[in-house]
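What follows is the content of my_file-v7.cif (mmCIF, C-alpha atoms).
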data_final
loop_
_atom_site.label_atom_id
_atom_site.label_comp_id
_atom_site.auth_asym_id
_atom_site.auth_seq_id
_atom_site.Cartn_x
_atom_site.Cartn_y
_atom_site.Cartn_z
CA MET A 1 -2.22 1.86 5.23
CA GLU A 2 -0.40 0.47 8.25
CA LEU A 3 2.45 1.89 10.31
CA LEU A 4 5.56 0.39 11.80
CA GLU A 5 5.55 -0.51 15.49
CA TYR A 6 7.73 2.41 16.60
CA GLN A 7 5.40 4.86 14.82
CA VAL A 8 2.37 3.31 16.49
CA LYS A 9 4.01 3.58 19.90
CA GLU A 10 4.83 7.22 19.30
CA TRP A 11 1.09 7.78 18.85
CA PHE A 12 0.34 5.68 21.92
CA GLY A 13 2.72 7.78 24.01
CA GLU A 14 1.16 11.02 22.78
CA MET A 15 -2.30 9.76 23.77
CA GLY A 16 -1.19 8.66 27.23
CA ILE A 17 -1.24 4.91 26.58
CA PRO A 18 1.62 3.41 28.65
CA VAL A 19 4.60 2.32 26.53
CA LEU A 20 8.12 1.25 27.47
CA PRO A 21 11.19 3.51 27.21
CA SER A 22 12.50 2.94 23.69
CA GLN A 23 14.85 4.18 20.99
CA THR A 24 15.06 3.63 17.24
CA ILE A 25 18.29 2.31 15.73
CA ASP A 26 19.34 3.04 12.14
CA HIS A 27 22.71 1.21 12.34
CA PRO A 28 24.28 -1.31 14.75
CA THR A 29 26.88 1.25 15.86
CA GLU A 30 24.09 3.37 17.39
CA ILE A 31 23.72 0.69 20.05
CA LYS A 32 26.70 2.31 21.82
CA ARG A 33 24.62 5.47 22.32
CA LEU A 34 21.55 3.83 23.82
CA LYS A 35 19.86 5.89 26.51
CA ILE A 36 17.79 3.04 27.92
CA ASN A 37 18.94 0.51 30.50
CA TYR A 38 19.74 -3.15 29.89
CA PRO A 39 18.36 -5.75 29.53
CA ILE A 40 16.63 -4.69 26.33
CA VAL A 41 14.73 -6.22 23.43
CA LEU A 42 15.60 -5.45 19.78
CA LYS A 43 12.73 -5.62 17.27
CA SER A 44 12.87 -5.64 13.48
CA GLN A 45 10.63 -2.88 12.08
CA ILE A 46 8.93 -4.30 9.01
CA TYR A 47 5.42 -4.32 7.57
CA GLN A 48 5.16 -8.11 7.87
CA GLY A 49 4.07 -10.36 10.70
CA GLY A 50 5.85 -13.35 12.20
CA ARG A 51 8.93 -11.45 13.41
CA ALA A 52 9.45 -13.52 16.54
CA LYS A 53 9.37 -16.89 14.78
CA ALA A 54 11.71 -15.62 12.07
CA GLY A 55 14.27 -14.33 14.56
CA GLY A 56 13.44 -10.64 14.22
CA ILE A 57 13.04 -10.12 17.99
CA ARG A 58 16.05 -10.65 20.30
CA PHE A 59 16.56 -10.14 24.05
CA VAL A 60 20.05 -8.98 25.03
CA GLU A 61 21.75 -7.97 28.27
CA THR A 62 25.03 -6.33 27.19
CA THR A 63 26.22 -3.85 24.58
CA ILE A 64 28.39 -6.44 22.83
CA ASP A 65 25.47 -8.85 22.52
CA ALA A 66 23.20 -6.01 21.36
CA ILE A 67 25.55 -4.98 18.54
CA ALA A 68 25.84 -8.58 17.33
CA ALA A 69 22.08 -9.06 17.51
CA ALA A 70 21.43 -5.77 15.67
CA GLN A 71 23.80 -6.73 12.86
CA ASN A 72 22.01 -10.04 12.52
CA ILE A 73 18.51 -8.50 12.48
CA PHE A 74 19.44 -5.78 9.98
CA ASN A 75 20.55 -8.53 7.57
CA LEU A 76 17.64 -10.85 8.25
CA PRO A 77 14.94 -10.76 5.53
CA ILE A 78 11.44 -11.58 6.77
CA CYS A 79 9.02 -12.42 3.96
CA GLY A 80 11.56 -10.84 1.62
CA GLU A 81 11.70 -7.54 3.54
CA LEU A 82 14.77 -6.12 5.26
CA PRO A 83 14.31 -3.60 8.09
CA GLU A 84 15.58 -0.06 7.68
CA VAL A 85 15.29 0.62 11.41
CA LEU A 86 15.16 -1.39 14.65
CA LEU A 87 13.31 -0.59 17.86
CA ALA A 88 15.20 -1.02 21.13
CA GLU A 89 13.00 -1.27 24.24
CA THR A 90 13.45 -1.91 27.92
CA LYS A 91 12.62 -5.50 28.86
CA TYR A 92 9.30 -5.87 30.69
CA ASN A 93 8.48 -8.75 33.04
CA ILE A 94 4.88 -9.76 32.57
CA GLU A 95 2.52 -11.92 34.59
CA LYS A 96 -0.41 -11.76 32.18
CA GLU A 97 -1.12 -10.76 28.56
CA LEU A 98 -4.36 -9.26 27.28
CA TYR A 99 -5.67 -8.39 23.82
CA LEU A 100 -7.45 -5.10 23.09
CA ALA A 101 -8.69 -3.62 19.83
CA ILE A 102 -11.09 -1.09 18.39
CA VAL A 103 -12.30 -1.79 14.88
CA LEU A 104 -14.76 -0.16 12.52
CA ASP A 105 -17.48 -2.68 11.74
CA THR A 106 -18.78 -1.79 8.29
CA ALA A 107 -21.76 -4.12 8.72
CA VAL A 108 -23.27 -2.00 11.52
CA CYS A 109 -21.34 1.20 10.66
CA ARG A 110 -20.22 1.55 14.26
CA PRO A 111 -16.94 1.13 16.18
CA ILE A 112 -16.65 -2.09 18.18
CA LEU A 113 -14.46 -2.60 21.25
CA LEU A 114 -12.77 -6.01 21.43
CA GLY A 115 -11.04 -7.64 24.38
CA CYS A 116 -9.65 -11.04 25.30
CA ASN A 117 -7.75 -12.49 28.27
CA GLU A 118 -5.35 -14.19 25.85
CA ALA A 119 -2.94 -12.35 23.57
CA ASP A 120 -1.98 -15.11 21.13
CA ILE A 121 -5.54 -16.09 20.40
CA ASP A 122 -6.50 -18.71 17.85
CA TRP A 123 -8.83 -16.75 15.59
CA ASP A 124 -10.72 -19.91 14.68
CA GLU A 125 -11.87 -19.97 18.31
CA ALA A 126 -12.10 -16.22 18.79
CA GLY A 127 -15.89 -16.25 18.91
CA GLU A 128 -15.82 -18.20 22.18
CA LYS A 129 -13.12 -16.13 23.91
CA MET A 130 -13.38 -12.63 22.45
CA GLN A 131 -15.59 -10.12 24.25
CA HIS A 132 -17.06 -7.18 22.35
CA VAL A 133 -19.04 -4.00 22.96
CA VAL A 134 -20.70 -2.01 20.17
CA VAL A 135 -20.42 1.78 20.58
CA GLU A 136 -24.04 2.51 19.72
CA GLU A 137 -24.08 6.18 20.73
CA GLN A 138 -21.55 8.87 21.60
CA PHE A 139 -18.61 7.26 23.32
CA SER A 140 -18.29 7.50 27.09
CA PRO A 141 -16.17 5.70 29.75
CA PHE A 142 -19.17 3.45 30.29
CA TYR A 143 -18.34 1.48 27.13
CA ALA A 144 -14.71 0.94 28.20
CA ARG A 145 -15.70 -0.26 31.69
CA ARG A 146 -18.34 -2.51 30.20
CA LEU A 147 -15.75 -4.28 28.05
CA ALA A 148 -13.34 -4.62 30.99
CA LEU A 149 -16.10 -6.18 33.08
CA LYS A 150 -17.05 -8.60 30.30
CA MET A 151 -13.39 -9.66 30.24
CA GLY A 152 -13.69 -10.57 33.92
CA LEU A 153 -11.36 -7.84 35.21
CA GLN A 154 -11.81 -6.33 38.65
CA GLY A 155 -10.51 -3.58 40.91
CA ALA A 156 -7.46 -1.56 39.91
CA LEU A 157 -6.76 -3.73 36.84
CA MET A 158 -10.25 -3.08 35.51
CA GLN A 159 -9.71 0.67 35.92
CA SER A 160 -6.28 0.57 34.26
CA VAL A 161 -7.54 -1.40 31.27
CA SER A 162 -10.60 0.87 30.99
CA ASN A 163 -8.32 3.90 30.85
CA VAL A 164 -6.27 2.30 28.07
CA ILE A 165 -9.44 1.55 26.08
CA GLU A 166 -10.57 5.17 26.43
CA LYS A 167 -7.22 6.42 25.08
CA MET A 168 -7.37 3.90 22.23
CA TYR A 169 -10.80 5.18 21.24
CA GLU A 170 -9.59 8.77 21.38
CA LEU A 171 -6.75 7.83 19.00
CA PHE A 172 -9.18 5.88 16.80
CA ILE A 173 -11.34 8.96 16.28
CA GLU A 174 -8.60 11.59 16.13
CA LYS A 175 -6.57 9.82 13.43
CA ASP A 176 -9.52 8.41 11.42
CA LEU A 177 -8.46 4.80 11.91
CA ASP A 178 -10.11 1.59 10.78
CA LEU A 179 -8.29 -0.38 13.48
CA VAL A 180 -6.24 0.25 16.60
CA GLU A 181 -4.88 -2.84 18.33
CA ILE A 182 -2.71 -3.66 21.33
CA ASN A 183 -1.40 -7.20 21.19
CA PRO A 184 -0.29 -7.85 23.82
CA LEU A 185 -1.17 -5.53 26.67
CA GLY A 186 1.22 -6.76 29.35
CA VAL A 187 0.36 -6.83 33.05
CA ASN A 188 3.23 -7.16 35.55
CA SER A 189 3.18 -8.53 39.09
CA SER A 190 2.14 -5.17 40.56
CA GLY A 191 -0.81 -4.81 38.18
CA GLN A 192 0.80 -2.18 35.96
CA VAL A 193 -0.27 -2.40 32.31
CA MET A 194 1.97 -1.76 29.31
CA ALA A 195 1.32 -1.74 25.53
CA LEU A 196 4.05 -4.14 24.40
CA ASN A 197 3.08 -4.20 20.72
CA GLY A 198 0.56 -2.25 18.68
CA ASN A 199 -0.96 -2.00 15.26
CA VAL A 200 -3.09 0.60 13.50
CA SER A 201 -4.81 0.66 10.13
CA ILE A 202 -5.47 4.11 8.67
CA ASN A 203 -8.56 4.85 6.62
CA GLN A 204 -7.10 5.80 3.25
CA ARG A 205 -9.94 8.19 2.46
CA ALA A 206 -8.91 10.28 5.47
CA ILE A 207 -5.19 10.55 4.77
CA ARG A 208 -5.42 13.98 3.17
CA ARG A 209 -7.05 15.42 6.29
CA HIS A 210 -3.90 14.75 8.31
CA PRO A 211 -0.65 16.34 7.06
CA GLU A 212 1.50 14.21 9.37
CA ILE A 213 -0.15 11.02 8.09
CA THR A 214 0.32 12.21 4.51
CA ALA A 215 4.07 12.47 5.16
CA MET A 216 4.08 8.94 6.60
CA ALA A 217 2.11 7.71 3.58
CA ARG A 218 4.73 9.09 1.19
CA LYS A 219 7.44 7.14 3.03
CA PHE A 220 5.27 4.04 3.00
CA VAL A 221 4.70 4.40 -0.76
CA SER A 222 8.40 4.99 -1.50
CA HIS A 223 9.22 1.85 0.50
CA LYS A 224 6.78 -0.19 -1.55
CA VAL A 225 8.00 1.31 -4.81
CA SER A 226 11.57 0.23 -4.02
CA GLN A 227 10.33 -3.37 -4.01
CA GLN A 228 8.40 -3.07 -7.27
CA LYS A 229 9.51 -4.09 -10.73
CA ASN A 230 8.66 -0.70 -12.25
CA GLY A 231 9.84 2.05 -9.92
CA LYS A 232 8.10 4.75 -11.98
CA VAL A 233 4.68 3.40 -11.02
CA GLY A 234 5.08 5.17 -7.69
CA ASP A 235 1.83 5.60 -5.80
CA TRP A 236 -0.51 4.85 -8.72
CA ASP A 237 -3.60 2.68 -8.52
CA ALA A 238 -2.01 -0.14 -10.50
CA VAL A 239 -1.80 -3.88 -11.04
CA GLU A 240 1.67 -5.10 -11.98
CA MET A 241 2.00 -8.28 -14.01
CA ARG A 242 4.74 -9.54 -16.30
CA GLY A 243 3.02 -9.66 -19.68
CA ARG A 244 3.41 -7.64 -22.88
CA ILE A 245 0.07 -5.77 -22.93
CA GLY A 246 -0.13 -2.57 -20.90
CA ILE A 247 -3.66 -1.53 -19.96
CA LEU A 248 -5.05 1.95 -19.28
CA GLY A 249 -8.59 2.44 -17.97
CA ASN A 250 -10.68 5.15 -16.37
CA GLY A 251 -11.96 3.08 -13.49
CA ALA A 252 -11.15 -0.04 -11.51
CA GLY A 253 -13.98 -1.91 -13.24
CA SER A 254 -12.78 -1.09 -16.76
CA VAL A 255 -9.20 -2.03 -15.90
CA MET A 256 -10.08 -5.36 -14.31
CA THR A 257 -12.58 -6.27 -17.03
CA THR A 258 -9.97 -5.56 -19.71
CA LEU A 259 -7.36 -7.55 -17.81
CA ASP A 260 -9.69 -10.56 -17.50
CA LEU A 261 -10.57 -10.47 -21.21
CA VAL A 262 -6.90 -10.30 -22.19
CA VAL A 263 -6.16 -13.40 -20.11
CA SER A 264 -9.23 -15.21 -21.48
CA SER A 265 -8.09 -14.42 -25.03
CA GLY A 266 -4.68 -15.96 -24.48
CA GLY A 267 -2.82 -12.70 -23.91
CA LYS A 268 -0.53 -11.73 -21.05
CA PRO A 269 -1.28 -8.43 -19.29
CA GLY A 270 1.60 -6.28 -18.10
CA LEU A 271 1.28 -3.07 -16.13
CA CYS A 272 -2.37 -2.00 -15.69
CA LEU A 273 -3.14 1.57 -14.56
CA ASN A 274 -6.38 3.14 -13.37
CA LEU A 275 -6.45 6.84 -14.33
CA ARG A 276 -9.76 7.83 -12.76
CA HIS A 277 -8.30 9.15 -9.51
CA ALA A 278 -5.03 10.53 -8.33
CA PHE A 279 -3.49 8.59 -5.47
CA LEU A 280 -4.89 9.54 -2.07
CA THR A 281 -1.55 10.83 -0.79
CA ASP A 282 -0.96 13.05 -3.84
CA THR A 283 -1.20 16.63 -2.58
CA THR A 284 -0.42 18.24 -5.96
CA PRO A 285 -3.39 18.81 -8.31
CA THR A 286 -3.70 16.44 -11.26
CA THR A 287 -6.12 16.12 -14.17
CA PHE A 288 -7.21 13.08 -16.12
CA ASN A 289 -5.08 14.17 -19.07
CA THR A 290 -1.92 14.76 -17.04
CA ARG A 291 -2.36 11.28 -15.57
CA LEU A 292 -2.89 9.88 -19.08
CA GLN A 293 0.28 11.55 -20.32
CA LYS A 294 2.32 10.24 -17.42
CA ALA A 295 0.82 6.75 -17.77
CA LEU A 296 1.80 6.57 -21.44
CA GLU A 297 5.35 7.59 -20.52
CA ILE A 298 5.49 4.89 -17.85
CA LEU A 299 4.30 2.18 -20.24
CA VAL A 300 6.62 3.14 -23.07
CA ALA A 301 9.53 3.14 -20.60
CA ASP A 302 8.76 -0.52 -19.79
CA LYS A 303 10.67 -2.35 -22.53
CA SER A 304 8.59 -5.50 -22.09
CA ILE A 305 5.38 -3.73 -23.17
CA GLN A 306 4.59 -4.32 -26.86
CA VAL A 307 0.99 -3.09 -26.90
CA ILE A 308 -0.76 -0.30 -25.01
CA LEU A 309 -4.46 -1.10 -24.73
CA ILE A 310 -6.60 1.92 -23.83
CA ASN A 311 -10.17 1.31 -22.66
CA PHE A 312 -12.05 4.47 -21.66
CA LEU A 313 -15.71 4.09 -20.83
CA GLY A 314 -18.37 6.67 -19.97
CA SER A 315 -17.66 10.23 -18.94
CA ILE A 316 -14.16 11.72 -18.83
CA PRO A 317 -13.28 15.26 -17.70
CA GLN A 318 -11.83 17.33 -20.57
CA ALA A 319 -12.54 14.52 -23.03
CA ALA A 320 -11.67 16.69 -26.04
CA GLU A 321 -8.07 16.99 -24.85
CA VAL A 322 -7.60 13.21 -24.74
CA THR A 323 -6.84 13.17 -28.47
CA GLU A 324 -4.22 15.88 -28.05
CA VAL A 325 -2.43 13.89 -25.37
CA ILE A 326 -2.42 10.71 -27.47
CA ALA A 327 -1.38 12.57 -30.64
CA ASN A 328 1.48 14.30 -28.82
CA PHE A 329 2.57 10.94 -27.44
CA ILE A 330 2.63 9.38 -30.92
CA GLN A 331 4.54 12.32 -32.37
CA GLY A 332 7.00 12.17 -29.49
CA GLN A 333 7.62 8.50 -30.20
CA LEU A 334 8.18 9.22 -33.88
CA ASN A 335 10.68 11.96 -33.06
CA GLN A 336 12.50 9.86 -30.48
CA PHE A 337 13.02 6.81 -32.67
CA SER A 338 13.87 8.79 -35.80
CA SER A 339 16.47 10.98 -34.05
CA PRO A 340 20.21 10.36 -34.49
CA GLU A 341 20.49 9.41 -30.81
CA SER A 342 18.19 6.45 -31.40
CA ARG A 343 20.60 4.88 -33.89
CA SER A 344 23.72 2.84 -33.31
CA ASN A 345 26.01 2.05 -36.27
CA GLY A 346 23.22 3.11 -38.61
CA THR A 347 20.71 0.70 -37.06
CA LYS A 348 17.70 1.72 -35.00
CA ILE A 349 17.75 0.63 -31.39
CA ARG A 350 14.84 -1.76 -30.98
CA ARG A 351 12.96 -2.79 -27.89
CA THR A 352 11.87 -6.37 -27.24
CA GLY A 353 9.49 -7.27 -30.09
CA ASN A 354 8.59 -3.96 -31.84
CA ALA A 355 10.61 -0.77 -31.98
CA ARG A 356 7.66 1.01 -30.35
CA PRO A 357 4.55 -0.21 -28.60
CA ASN A 358 1.39 -0.42 -30.69
CA LEU A 359 -1.72 1.44 -29.53
CA VAL A 360 -5.15 -0.17 -29.45
CA ILE A 361 -7.81 2.31 -28.40
CA ARG A 362 -11.41 1.66 -27.43
CA LEU A 363 -13.53 4.67 -26.48
CA ALA A 364 -17.19 4.31 -25.46
CA GLY A 365 -19.35 7.27 -24.48
CA SER A 366 -20.80 10.40 -26.06
CA ASP A 367 -18.14 12.56 -24.37
CA LEU A 368 -15.53 10.76 -26.42
CA ASP A 369 -17.11 11.21 -29.87
CA THR A 370 -14.75 14.06 -30.73
CA ALA A 371 -11.75 11.99 -29.73
CA LYS A 372 -12.99 9.03 -31.78
CA LYS A 373 -13.44 11.16 -34.88
CA TYR A 374 -9.92 12.55 -34.64
CA LEU A 375 -8.22 9.27 -33.82
CA SER A 376 -10.01 7.44 -36.64
CA ASP A 377 -7.98 9.57 -39.07
CA LEU A 378 -4.66 8.40 -37.65
CA LYS A 379 -3.05 5.73 -39.80
CA MET A 380 -0.16 3.37 -39.25
CA GLN A 381 2.96 5.53 -39.20
CA ASP A 382 6.55 4.35 -39.36
CA ASN A 383 5.97 1.03 -37.62
CA ILE A 384 3.51 2.47 -35.08
CA HIS A 385 0.07 0.88 -35.22
CA VAL A 386 -2.75 3.09 -33.94
CA LEU A 387 -5.93 1.06 -34.03
CA LEU A 388 -9.32 2.47 -32.99
CA VAL A 389 -12.08 -0.09 -32.42
CA GLU A 390 -15.67 0.10 -31.18
CA SER A 391 -15.99 -2.98 -28.98
CA LEU A 392 -13.83 -4.08 -26.09
CA ASP A 393 -13.77 -7.67 -27.34
CA GLU A 394 -12.33 -6.51 -30.66
CA ALA A 395 -9.79 -4.27 -28.91
CA VAL A 396 -8.56 -7.16 -26.79
CA LYS A 397 -8.44 -9.46 -29.82
CA GLN A 398 -6.30 -6.99 -31.77
CA ALA A 399 -3.97 -6.34 -28.81
CA VAL A 400 -3.36 -10.06 -28.39
CA ARG A 401 -2.82 -10.41 -32.16
CA PHE A 402 -0.14 -7.69 -32.10
CA THR A 403 1.81 -9.49 -29.37
CA LYS A 404 1.64 -12.82 -31.17
CA THR A 405 2.74 -11.22 -34.44
CA SER A 406 5.71 -9.65 -32.65
CA ALA A 407 6.62 -13.01 -31.13
CA LYS A 408 6.72 -14.61 -34.56
CA LYS A 409 8.97 -11.84 -35.85
#
Please render this file's structure as structure tokens.
Amino acid sequence: MELLEYQVKEWFGEMGIPVLPSQTIDHPTEIKRLKINYPIVLKSQIYQGGRAKAGGIRFVETTIDAIAAAQNIFNLPICGELPEVLLAETKYNIEKELYLAIVLDTAVCRPILLGCNEADIDWDEAGEKMQHVVVEEQFSPFYARRLALKMGLQGALMQSVSNVIEKMYELFIEKDLDLVEINPLGVNSSGQVMALNGNVSINQRAIRRHPEITAMARKFVSHKVSQQKNGKVGDWDAVEMRGRIGILGNGAGSVMTTLDLVVSSGGKPGLCLNLRHAFLTDTTPTTFNTRLQKALEILVADKSIQVILINFLGSIPQAAEVTEVIANFIQGQLNQFSSPESRSNGTKIRRTGNARPNLVIRLAGSDLDTAKKYLSDLKMQDNIHVLLVESLDEAVKQAVRFTKTSAKK
């Protein structure tokens, strides 16, 4: 998970990394209440790169120009994303730009300090220009000075950059980050350094350990959901496609394998949900069966889904209750579509294709024997097909057949 620039700079300021006086803007009219001095720079706050080339960064010298620029930036989509907030900063005159980063190298399982005397580096040539230091033991200022020296810095500038690197590492450890980056670190004519832009990447497995990051993650998820086709998906581990076969699995492997087989068999997958884990930012307790119940509700709410293909493999917590969840779902569908509210002028309201999605269920594993025995007794009821099969290939074949039959109808 990544943060917006203004959030990153708030962290930088808390750690003692030098940042410019700034203010966030939610609406162009707030420009009139700026507490920073002109000239300023206005920056679009989005999760995409390439803001400068797209026109999302503007330098202005007066309030009138700032209001006009803010209105323009707020209505400027960059990679399809509109900013909800702008960052206004004091303009900084730079003589030199540096690049600094700390990244977790999974190959050596150690943090690595990176530094370069160029900010806009061509990453195809980074190996020749980028300096690095592996933090092999407990971190000390020695590692920061070593990187500064390898970058060719001397005197007061070397000390200033070393101090910034130390603060970056402190932030890296404190917030459980995979990456902390300053690009660029500006140096003015007097040798003062300033973090002009920053980026962090948070380790998702560590989000729950930090309440303030959890709150940020919820906002990040809600922002992404607003751009999704199915808003009810929320923060689920999901793959969204535009087909007619919804897929439920109890692991990333089972979901992706099922998806690939559906495509290979000539079918079109729709929404695919992995029920094994709750989302990492979910602070409320969930069980496999509550996630299954919610997933079924999500899929049936998607009117393009004609078939729900369930593929559960191996061990499942509370496996005996899986049948109860599915049976309750089927009964709920029967009640909903047979109720007076589901009729208009004496005719049932029908979704695209079938009135209700068909269920194709494949369960594999001794924990699921009870569920298989119960579900095998369920027959086709009132235009709902509940099909239990042994092999995944057969399940996929039947799911694809249902969609093609619906298309013919």
Practice problem: With a distance cut-off of 12 Å and all atoms listed in the file, select the neighbouring residues of Lys373 of chain A, excluding the residue or stretch itself and same-chain residues fewer than 2 positions from it, and output the selection as JSON, numbers by chain. | Solution: {"A": [320, 322, 323, 363, 366, 367, 368, 369, 370, 371, 375, 376, 377, 378, 388, 389, 390]}
Practice problem: Run the PyMOL selection byres ((chain A and resi 45) around 12) against the file shown and list the residues it catches, as a ChimeraX atom specification. | Solution: /A:3-8,24-26,42-44,46-52,56-57,70,73-74,76-78,81-88,197
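Counting only C-alpha atoms, the residue from A:Ala66, A:Ile310, A:Ile247, A:Ile94 that sits nearest to Leu34 of chain A is A:Ala66.
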Self-check item: Explicit residue set for the PyMOL selection byres ((chain A and resi 391-408) around 10), as JSON, numbers by chain
Solution: {"A": [243, 244, 245, 246, 254, 257, 258, 259, 260, 261, 262, 263, 264, 265, 266, 267, 268, 269, 305, 306, 307, 308, 309, 310, 311, 312, 313, 352, 353, 354, 357, 358, 359, 360, 361, 362, 363, 364, 385, 387, 388, 389, 390, 409]}
Quiz item: So what does the PyMOL selection byres ((chain A and resi 28) around 7) actually pick up in this one, as a PyMOL selection string?
Solution: chain A and resi 27+29-31+67+70-71
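A straight line drawn from atom CA of Val133 of chain A to atom CA of Ile213 of chain A is 28.3 Å long.
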Quiz item: For the atom pair atom CA of His277 of chain A and atom CA of Asn250 of chain A, what is the interatomic distance in Å to one decimal place?
Solution: 8.3 Å
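Rounded to one decimal, atom CA of Val386 of chain A and atom CA of Lys372 of chain A lie 12.0 Å from each other.
In terms of minimum interatomic distance to Glu240 of chain A, A:Cys272 ranks closest within A:Val103, A:Ile17, A:Cys272, A:Ile202, counting all atoms listed in the file.
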Residue rebuild result segment 73-91 of chain A, N, CA and C atoms as a PDB file, keeping the file's coordinate frame:
ATOM      1  N   ILE A  73      19.894  -8.857  12.831  1.00  0.00           N
ATOM      2  CA  ILE A  73      18.510  -8.500  12.480  1.00  0.00           C
ATOM      3  C   ILE A  73      18.473  -7.611  11.250  1.00  0.00           C
ATOM      4  N   PHE A  74      19.413  -6.664  11.140  1.00  0.00           N
ATOM      5  CA  PHE A  74      19.440  -5.780   9.980  1.00  0.00           C
ATOM      6  C   PHE A  74      19.628  -6.569   8.677  1.00  0.00           C
ATOM      7  N   ASN A  75      20.300  -7.721   8.759  1.00  0.00           N
ATOM      8  CA  ASN A  75      20.550  -8.530   7.570  1.00  0.00           C
ATOM      9  C   ASN A  75      19.633  -9.743   7.468  1.00  0.00           C
ATOM     10  N   LEU A  76      18.565  -9.721   8.243  1.00  0.00           N
ATOM     11  CA  LEU A  76      17.640 -10.850   8.250  1.00  0.00           C
ATOM     12  C   LEU A  76      16.366 -10.498   7.473  1.00  0.00           C
ATOM     13  N   PRO A  77      16.183 -11.029   6.264  1.00  0.00           N
ATOM     14  CA  PRO A  77      14.940 -10.760   5.530  1.00  0.00           C
ATOM     15  C   PRO A  77      13.782 -11.572   6.098  1.00  0.00           C
ATOM     16  N   ILE A  78      12.657 -10.920   6.293  1.00  0.00           N
ATOM     17  CA  ILE A  78      11.440 -11.580   6.770  1.00  0.00           C
ATOM     18  C   ILE A  78      10.378 -11.383   5.702  1.00  0.00           C
ATOM     19  N   CYS A  79       9.941 -12.470   5.097  1.00  0.00           N
ATOM     20  CA  CYS A  79       9.020 -12.420   3.960  1.00  0.00           C
ATOM     21  C   CYS A  79       9.586 -11.523   2.859  1.00  0.00           C
ATOM     22  N   GLY A  80      10.909 -11.602   2.659  1.00  0.00           N
ATOM     23  CA  GLY A  80      11.560 -10.840   1.620  1.00  0.00           C
ATOM     24  C   GLY A  80      11.819  -9.383   1.943  1.00  0.00           C
ATOM     25  N   GLU A  81      11.551  -8.950   3.169  1.00  0.00           N
ATOM     26  CA  GLU A  81      11.700  -7.540   3.540  1.00  0.00           C
ATOM     27  C   GLU A  81      12.796  -7.368   4.587  1.00  0.00           C
ATOM     28  N   LEU A  82      13.722  -6.460   4.310  1.00  0.00           N
ATOM     29  CA  LEU A  82      14.770  -6.120   5.260  1.00  0.00           C
ATOM     30  C   LEU A  82      14.394  -4.852   6.015  1.00  0.00           C
ATOM     31  N   PRO A  83      14.654  -4.797   7.320  1.00  0.00           N
ATOM     32  CA  PRO A  83      14.310  -3.600   8.090  1.00  0.00           C
ATOM     33  C   PRO A  83      15.264  -2.451   7.804  1.00  0.00           C
ATOM     34  N   GLU A  84      14.744  -1.243   7.789  1.00  0.00           N
ATOM     35  CA  GLU A  84      15.580  -0.060   7.680  1.00  0.00           C
ATOM     36  C   GLU A  84      15.864   0.539   9.059  1.00  0.00           C
ATOM     37  N   VAL A  85      15.117   0.102  10.049  1.00  0.00           N
ATOM     38  CA  VAL A  85      15.290   0.620  11.410  1.00  0.00           C
ATOM     39  C   VAL A  85      14.897  -0.488  12.387  1.00  0.00           C
ATOM     40  N   LEU A  86      15.522  -0.476  13.567  1.00  0.00           N
ATOM     41  CA  LEU A  86      15.160  -1.390  14.650  1.00  0.00           C
ATOM     42  C   LEU A  86      14.611  -0.566  15.808  1.00  0.00           C
ATOM     43  N   LEU A  87      13.826  -1.214  16.644  1.00  0.00           N
ATOM     44  CA  LEU A  87      13.310  -0.590  17.860  1.00  0.00           C
ATOM     45  C   LEU A  87      13.950  -1.281  19.056  1.00  0.00           C
ATOM     46  N   ALA A  88      14.619  -0.502  19.890  1.00  0.00           N
ATOM     47  CA  ALA A  88      15.200  -1.020  21.130  1.00  0.00           C
ATOM     48  C   ALA A  88      14.312  -0.588  22.295  1.00  0.00           C
ATOM     49  N   GLU A  89      13.897  -1.555  23.115  1.00  0.00           N
ATOM     50  CA  GLU A  89      13.000  -1.270  24.240  1.00  0.00           C
ATOM     51  C   GLU A  89      13.530  -1.911  25.513  1.00  0.00           C
ATOM     52  N   THR A  90      13.159  -1.305  26.630  1.00  0.00           N
ATOM     53  CA  THR A  90      13.450  -1.910  27.920  1.00  0.00           C
ATOM     54  C   THR A  90      12.666  -3.214  28.064  1.00  0.00           C
ATOM     55  N   LYS A  91      13.303  -4.227  28.644  1.00  0.00           N
ATOM     56  CA  LYS A  91      12.620  -5.500  28.860  1.00  0.00           C
ATOM     57  C   LYS A  91      11.567  -5.335  29.946  1.00  0.00           C
TER      58      LYS A  91
END
